[in-house]
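Inspection log for the structure reproduced underneath, given as structure tokens.
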Amino acid sequence: MRRPGWPSRFWVAVAVTIVKPISWLLVGRDWRGAGHLPDGGGIILVVNHLSWADPILVADYLYSNGRWPVILAKSGLFSVPVLGRAVKGLMAIPVYRESADAARSLAESERRLAEGACVMFYPEGTCTRDPRLWPMEGKTGAARLALATGAPVIPVAHWGAQEILPYGRRWPRLLPRKTFRVLAGPPVDLSRYEGRPLHADVLRRATADIMTAIAVQLAELRGEKAPETLFKRPSDH
């Protein structure tokens, strides 16, 4: 029987067979904060983005701690031969950009949350452009979903993926062996926005609270003070 919010056993086995050996053999681990991940029920994970390698490494952290990450992926990937079938099998949610269908991603995410899924958002929308690699300002999708559903928002920060596969590079740097650090924090307190209309100002403020929570976790991982003002996210156009 399929677990709520999880793919079929076949696709779980495929993913684990590919990811686990890579993670165990090539990357050291410093995993913390797993106690903040609820054992069940729909949750929204908000994660900083440093490298094209970090979705795989964060997914390993979540799987190893009893949650399956439902990732939002570009809609074009779903039509790629072989890869598209795998993306669908792993329960990814298509993201429609610059389209009237963009709201479909959030509607599908809401449905998955109701089924008990762990939906993983990268609120920045892309790898950070902050020269010091702190999180940027975020997009409002995760905040909108959280306020519409009441699902808890768990901030997750990581550090080290940028050393394995720096943004813009095609090939990873595997030697010397790198350490991937992850820290999940307590749910973001969005209670001040409950019951309020989801106007742009409310969504911006809630998103700022979410990004600040991620930055706080990252500051602990890095042993540094987070910036008081987050880097402005580049325009989508």
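Ligands are numbered from 1 in the order shown, chains are lettered A, B, ... in the order of the structure tokens, and residues start at 1 in each chain.
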
Neighbour list for range 120-127 of chain A as an NGL selection string, cut-off 8 Å, only C-alpha atoms, skip fewer than 4 positions in-chain
:A and (44-52 or 69-72 or 135-142 or 167 or 211 or 233)

DSSP strand (DSSP E) selection over range 43-157 of chain A, as a PyMOL selection string
chain A and resi 43-47+69-74+93-95+118-121+153-157

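Candidate residues A:Tyr96, A:Tyr61, A:Trp68, A:Phe10 were compared for distance to Gly41 in chain A, and the nearest is A:Trp68, using only C-alpha atoms.
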
Quick check, in Å to one decimal: how far apart do CA of Pro131 in chain A and CA of Ala53 in chain A lie?
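Pair CA of Pro131 in chain A / CA of Ala53 in chain A returns 18.6 Å.
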
Which is closest to Tyr63 in chain A among A:Leu106, A:Ala92, A:Ala161, A:Val12, if we use only C-alpha atoms?
A:Val12

With range 191-197 of chain A as the partner and 12 Å as the cut-off, tabulate the residues of range 120-166 of chain A that qualify, each row holding the nearest pair of atoms and their distance in Å to one decimal, using only C-alpha atoms, sorted by chain and rising number, as a tab-separated table.
residue	atom	partner	partner_atom	distance
A:Ala143	CA	A:Tyr193	CA	10.0
A:Arg144	CA	A:Pro197	CA	10.4
A:Ala146	CA	A:Glu194	CA	9.8
A:Leu147	CA	A:Glu194	CA	6.6
A:Ala148	CA	A:Glu194	CA	9.0
A:Thr149	CA	A:Glu194	CA	10.3
A:Gly150	CA	A:Glu194	CA	8.4
A:Ala151	CA	A:Ser191	CA	11.6
A:Pro152	CA	A:Ser191	CA	10.6
A:Val153	CA	A:Ser191	CA	11.5

Those same residues - N, CA and C atoms - I'd like them written as a PDB file, in the first residue's frame.
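See again02.pdb below for the written result:
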ATOM      1  N   ALA A 143       4.314  31.301   0.755  1.00  0.00           N
ATOM      2  CA  ALA A 143       3.510  32.024   1.742  1.00  0.00           C
ATOM      3  C   ALA A 143       2.031  31.940   1.402  1.00  0.00           C
ATOM      4  N   ARG A 144       1.707  32.109   0.141  1.00  0.00           N
ATOM      5  CA  ARG A 144       0.305  32.023  -0.284  1.00  0.00           C
ATOM      6  C   ARG A 144      -0.271  30.643   0.031  1.00  0.00           C
ATOM      7  N   ALA A 146       0.799  28.476   2.279  1.00  0.00           N
ATOM      8  CA  ALA A 146       0.729  28.271   3.725  1.00  0.00           C
ATOM      9  C   ALA A 146      -0.479  28.971   4.331  1.00  0.00           C
ATOM     10  N   LEU A 147      -0.735  30.202   3.914  1.00  0.00           N
ATOM     11  CA  LEU A 147      -1.846  30.958   4.479  1.00  0.00           C
ATOM     12  C   LEU A 147      -3.190  30.430   3.992  1.00  0.00           C
ATOM     13  N   ALA A 148      -3.201  29.839   2.801  1.00  0.00           N
ATOM     14  CA  ALA A 148      -4.444  29.287   2.268  1.00  0.00           C
ATOM     15  C   ALA A 148      -4.794  27.951   2.901  1.00  0.00           C
ATOM     16  N   THR A 149      -3.778  27.178   3.313  1.00  0.00           N
ATOM     17  CA  THR A 149      -4.016  25.825   3.800  1.00  0.00           C
ATOM     18  C   THR A 149      -3.812  25.653   5.302  1.00  0.00           C
ATOM     19  N   GLY A 150      -3.031  26.534   5.902  1.00  0.00           N
ATOM     20  CA  GLY A 150      -2.688  26.361   7.309  1.00  0.00           C
ATOM     21  C   GLY A 150      -1.602  25.338   7.548  1.00  0.00           C
ATOM     22  N   ALA A 151      -0.996  24.811   6.496  1.00  0.00           N
ATOM     23  CA  ALA A 151       0.076  23.820   6.646  1.00  0.00           C
ATOM     24  C   ALA A 151       1.301  24.465   7.284  1.00  0.00           C
ATOM     25  N   PRO A 152       1.982  23.746   8.169  1.00  0.00           N
ATOM     26  CA  PRO A 152       3.187  24.308   8.781  1.00  0.00           C
ATOM     27  C   PRO A 152       4.295  24.511   7.753  1.00  0.00           C
ATOM     28  N   VAL A 153       5.061  25.582   7.946  1.00  0.00           N
ATOM     29  CA  VAL A 153       6.173  25.923   7.058  1.00  0.00           C
ATOM     30  C   VAL A 153       7.472  25.664   7.816  1.00  0.00           C
TER      31      VAL A 153
END

Within 10 Å of His36 in chain A, counting only C-alpha atoms, which residues show up once you throw out same-chain ones fewer than 4 positions away? Write them as an mmCIF file with N, CA and C atoms, in the first residue's frame, please.
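Done, and the output landed in result_0.cif:
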data_model
loop_
_atom_site.group_PDB
_atom_site.id
_atom_site.type_symbol
_atom_site.label_atom_id
_atom_site.label_comp_id
_atom_site.auth_asym_id
_atom_site.auth_seq_id
_atom_site.Cartn_x
_atom_site.Cartn_y
_atom_site.Cartn_z
ATOM 1 N N ARG A 32 21.250 18.100 10.909
ATOM 2 C CA ARG A 32 20.687 18.511 12.189
ATOM 3 C C ARG A 32 19.219 18.923 12.019
ATOM 4 N N ILE A 154 8.257 24.702 7.347
ATOM 5 C CA ILE A 154 9.504 24.320 8.016
ATOM 6 C C ILE A 154 10.682 24.899 7.241
ATOM 7 N N PRO A 155 11.460 25.806 7.856
ATOM 8 C CA PRO A 155 12.630 26.355 7.153
ATOM 9 C C PRO A 155 13.804 25.386 7.226
ATOM 10 N N VAL A 156 14.423 25.154 6.084
ATOM 11 C CA VAL A 156 15.578 24.254 6.007
ATOM 12 C C VAL A 156 16.717 24.985 5.303
ATOM 13 N N LEU A 183 20.270 21.996 8.276
ATOM 14 C CA LEU A 183 19.638 22.305 9.555
ATOM 15 C C LEU A 183 18.184 22.697 9.307
ATOM 16 N N ALA A 184 17.264 21.905 9.848
ATOM 17 C CA ALA A 184 15.840 22.243 9.811
ATOM 18 C C ALA A 184 15.481 22.978 11.090
ATOM 19 N N GLY A 185 14.649 23.995 10.953
ATOM 20 C CA GLY A 185 14.263 24.791 12.109
ATOM 21 C C GLY A 185 12.804 24.590 12.484
ATOM 22 N N PRO A 186 12.353 25.244 13.544
ATOM 23 C CA PRO A 186 10.943 25.154 13.956
ATOM 24 C C PRO A 186 10.047 25.837 12.936
ATOM 25 N N PRO A 187 8.760 25.519 12.925
ATOM 26 C CA PRO A 187 7.841 26.134 11.960
ATOM 27 C C PRO A 187 7.874 27.659 12.040
#

Extract the full set of alpha helix (DSSP H) residues from range 31-216 of chain A according to DSSP on the backbone, and format it as a ChimeraX atom specification.
/A:54-64,83-89,103-114,141-149,161-164,200-216
